[in-house]
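The structure under discussion appears below in the form of structure tokens.
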Amino acid sequence: GAVVSQHPSRVICKSGTSVKIECRSLDFQATTMFWYRQFPKQSLMLMATSNEGSKATYEQGVEKDKFLINHASLTLSTLTVTSAHPEDSSFYICSARDPPRDRDGETQYFGPGTRLLVL
Amino acid sequence: GDSVTQMEGPVTLSEEAFLTINCTYTATGYPSLFWYVQYPGEGLQLLLKATKADDKGSNKGFEATYRKETTSFHLEKGSVQVSDSAVYFCALRRAAGNKLTFGGGTRVLVKP
């Protein structure tokens, strides 16, 4: 089946530094990838939709200058948390669509997530 | 706006017990409804879905019926196994667009 990986799985950083999280589709090309954030015991919140070769579309309330998304190739999207602060600590999850296998637009393949802790 | 509410966990069961996880939603129009499962260390996987009222989604012994009148999509399994231990997420998607709205997730632990 379609596999999505994320790297790193866990990261600890100091306040004020920037952190990059990678999301890769391993066996398919993903024209669209999604970035979610999950707080403890809360639901996944869509942050942005990333389309290959174009600017990401951010959800209301998500700072695009804070969370930089780059979808430079059909198999890689990156999320950079700039000038991270403790309140950015969270679980970040990406997902990707595989259009040939996703005729009805329903299926997203999820990565295992990245846990970010900002000290 | 759209929202999904599901029962908080953790839910602890013995093997072969009956499992129900309640899920209710608020959305305009006629959304598609989903259950996703996340096994330890893995990404969310689509477990089952239903796209219109009274549809029943089923997979791996799990079932859920789209109830428009009660805006619910409860997940059930008649006899759980240890391997069903995971976090289960209920979600909806509006008819237009690809945005998924998730519930908070329910952790299920099945003991031998």
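Note on naming: chains are A, B, ... as they come in the structure tokens, residues start from 1 per chain, ligands start from 1 in the order shown.
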Just the strand (DSSP E) stuff from segment 15-59 of chain B, please, per backbone DSSP, written as a ChimeraX atom specification.
/B:19-21,23-26,32-38,45-50,56-59
Using only C-alpha atoms, I'd like every residue of chain B that has an atom within 8 Å of chain A; please write them out as a PyMOL selection string.
chain B and resi 41-46+98-105
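For the choices B:Phe18, B:Ser58, B:Arg94, B:Tyr36, the atom-to-atom distance to Lys77 of chain B is smallest for B:Phe18 when using only C-alpha atoms.
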What lies within 12 Å of Gly53 of chain A using only C-alpha atoms, ignoring chain neighbours under 6 positions off, as a ChimeraX atom specification?
/A:30-33,69-77
Take the residues from that selection and put them in a file with C-alpha atoms, as a tab-separated table (two decimals), in the first residue's frame.
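Writing done, so here's result20.tsv:
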```tsv
chain	number	residue	atom	x	y	z
A	30	ALA	CA	1.71	13.02	-4.18
A	31	THR	CA	0.52	16.19	-5.84
A	32	THR	CA	-1.22	17.18	-2.62
A	33	MET	CA	0.01	16.82	0.94
A	69	ILE	CA	5.69	24.77	3.92
A	70	ASN	CA	7.61	23.77	0.83
A	71	HIS	CA	6.37	21.10	-1.57
A	72	ALA	CA	9.23	21.15	-4.03
A	73	SER	CA	8.79	17.68	-5.49
A	74	LEU	CA	6.08	15.09	-5.95
A	75	THR	CA	7.45	13.00	-3.11
A	76	LEU	CA	8.58	15.56	-0.53
A	77	SER	CA	6.94	18.28	1.50
```
Do a neighbour search on Lys49 of chain B at 9 Å with only C-alpha atoms, toss out local chain neighbours closer than 2 positions, and write the hits as a PyMOL selection string.
chain B and resi 32-36+46-47+51+55-58+64+66
Once you have the residues from the selection above, write them out as a compact mmCIF listing (two decimals), in the first residue's frame, restricted to all heavy atoms.
```txt
# COMPACT_ATOMS: atom_id res chain seq x y z
N SER B 32 -19.27 13.03 4.01
CA SER B 32 -18.82 11.65 4.08
C SER B 32 -18.23 11.42 5.47
O SER B 32 -17.64 12.33 6.05
CB SER B 32 -17.76 11.37 3.02
OG SER B 32 -18.28 11.49 1.71
N LEU B 33 -18.39 10.22 5.98
CA LEU B 33 -17.93 9.91 7.33
C LEU B 33 -16.90 8.79 7.30
O LEU B 33 -17.02 7.86 6.48
CB LEU B 33 -19.11 9.52 8.22
CG LEU B 33 -20.22 10.56 8.34
CD1 LEU B 33 -21.39 10.00 9.15
CD2 LEU B 33 -19.69 11.83 9.00
N PHE B 34 -15.93 8.88 8.18
CA PHE B 34 -14.80 7.95 8.17
C PHE B 34 -14.44 7.51 9.59
O PHE B 34 -14.66 8.24 10.55
CB PHE B 34 -13.55 8.63 7.59
CG PHE B 34 -13.74 9.25 6.23
CD1 PHE B 34 -14.25 10.52 6.10
CD2 PHE B 34 -13.38 8.55 5.10
CE1 PHE B 34 -14.43 11.10 4.85
CE2 PHE B 34 -13.55 9.11 3.85
CZ PHE B 34 -14.07 10.39 3.72
N TRP B 35 -13.88 6.33 9.67
CA TRP B 35 -13.13 5.91 10.84
C TRP B 35 -11.71 5.59 10.40
O TRP B 35 -11.49 4.83 9.46
CB TRP B 35 -13.75 4.68 11.50
CG TRP B 35 -14.88 5.01 12.42
CD1 TRP B 35 -16.21 4.92 12.17
CD2 TRP B 35 -14.77 5.50 13.76
NE1 TRP B 35 -16.95 5.32 13.26
CE2 TRP B 35 -16.08 5.69 14.26
CE3 TRP B 35 -13.69 5.80 14.60
CZ2 TRP B 35 -16.34 6.15 15.54
CZ3 TRP B 35 -13.95 6.26 15.87
CH2 TRP B 35 -15.27 6.43 16.34
N TYR B 36 -10.76 6.21 11.12
CA TYR B 36 -9.35 5.93 10.91
C TYR B 36 -8.82 5.22 12.15
O TYR B 36 -9.29 5.45 13.27
CB TYR B 36 -8.55 7.22 10.71
CG TYR B 36 -8.67 7.81 9.33
CD1 TYR B 36 -9.74 8.63 8.99
CD2 TYR B 36 -7.70 7.56 8.35
CE1 TYR B 36 -9.84 9.17 7.72
CE2 TYR B 36 -7.79 8.10 7.09
CZ TYR B 36 -8.87 8.91 6.77
OH TYR B 36 -8.97 9.44 5.51
N LEU B 46 -7.09 4.44 6.96
CA LEU B 46 -8.53 4.42 6.78
C LEU B 46 -9.06 3.03 7.14
O LEU B 46 -8.62 2.02 6.58
CB LEU B 46 -8.89 4.76 5.34
CG LEU B 46 -10.38 4.77 5.01
CD1 LEU B 46 -11.11 5.83 5.80
CD2 LEU B 46 -10.59 4.99 3.50
N LEU B 47 -10.00 2.98 8.06
CA LEU B 47 -10.59 1.71 8.48
C LEU B 47 -11.87 1.44 7.69
O LEU B 47 -12.05 0.36 7.15
CB LEU B 47 -10.89 1.74 9.98
CG LEU B 47 -11.52 0.50 10.59
CD1 LEU B 47 -10.62 -0.71 10.41
CD2 LEU B 47 -11.83 0.72 12.07
N THR B 51 -20.64 7.18 2.72
CA THR B 51 -20.78 8.45 2.01
C THR B 51 -22.19 8.99 1.98
O THR B 51 -22.39 10.15 1.57
CB THR B 51 -20.26 8.31 0.56
OG1 THR B 51 -21.00 7.25 -0.08
CG2 THR B 51 -18.79 7.97 0.54
N ASP B 55 -25.86 4.24 4.82
CA ASP B 55 -24.76 3.40 4.36
C ASP B 55 -24.08 2.76 5.56
O ASP B 55 -23.95 3.37 6.61
CB ASP B 55 -23.71 4.25 3.62
CG ASP B 55 -23.94 4.27 2.13
OD1 ASP B 55 -24.93 3.68 1.66
OD2 ASP B 55 -23.11 4.88 1.42
N LYS B 56 -23.62 1.53 5.37
CA LYS B 56 -22.84 0.87 6.41
C LYS B 56 -21.45 0.61 5.86
O LYS B 56 -21.30 -0.04 4.82
CB LYS B 56 -23.50 -0.45 6.83
CG LYS B 56 -22.69 -1.22 7.87
CD LYS B 56 -23.30 -2.59 8.18
CE LYS B 56 -24.51 -2.47 9.04
NZ LYS B 56 -25.01 -3.80 9.49
N GLY B 57 -20.47 1.11 6.57
CA GLY B 57 -19.08 0.81 6.22
C GLY B 57 -18.62 -0.37 7.06
O GLY B 57 -19.02 -0.51 8.22
N SER B 58 -17.79 -1.23 6.48
CA SER B 58 -17.30 -2.38 7.24
C SER B 58 -15.91 -2.76 6.75
O SER B 58 -15.59 -2.62 5.58
CB SER B 58 -18.25 -3.56 7.12
OG SER B 58 -18.37 -3.97 5.77
N ALA B 64 -19.81 0.45 10.93
CA ALA B 64 -20.39 1.72 11.37
C ALA B 64 -21.46 2.12 10.37
O ALA B 64 -21.26 1.97 9.16
CB ALA B 64 -19.33 2.81 11.47
N TYR B 66 -24.06 5.11 8.95
CA TYR B 66 -24.27 6.56 8.81
C TYR B 66 -25.72 6.84 9.18
O TYR B 66 -26.64 6.51 8.45
CB TYR B 66 -24.00 6.94 7.36
CG TYR B 66 -23.95 8.40 7.00
CD1 TYR B 66 -23.05 8.83 6.03
CD2 TYR B 66 -24.78 9.36 7.58
CE1 TYR B 66 -22.97 10.15 5.64
CE2 TYR B 66 -24.72 10.67 7.21
CZ TYR B 66 -23.82 11.08 6.23
OH TYR B 66 -23.76 12.39 5.85
```
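Here atom CA of Ser18 of chain A is placed at a distance of 10.3 Å from atom CA of Leu68 of chain A.
Here atom CA of Gly9 of chain B and atom CA of Arg107 of chain B stand 5.2 Å from one another.
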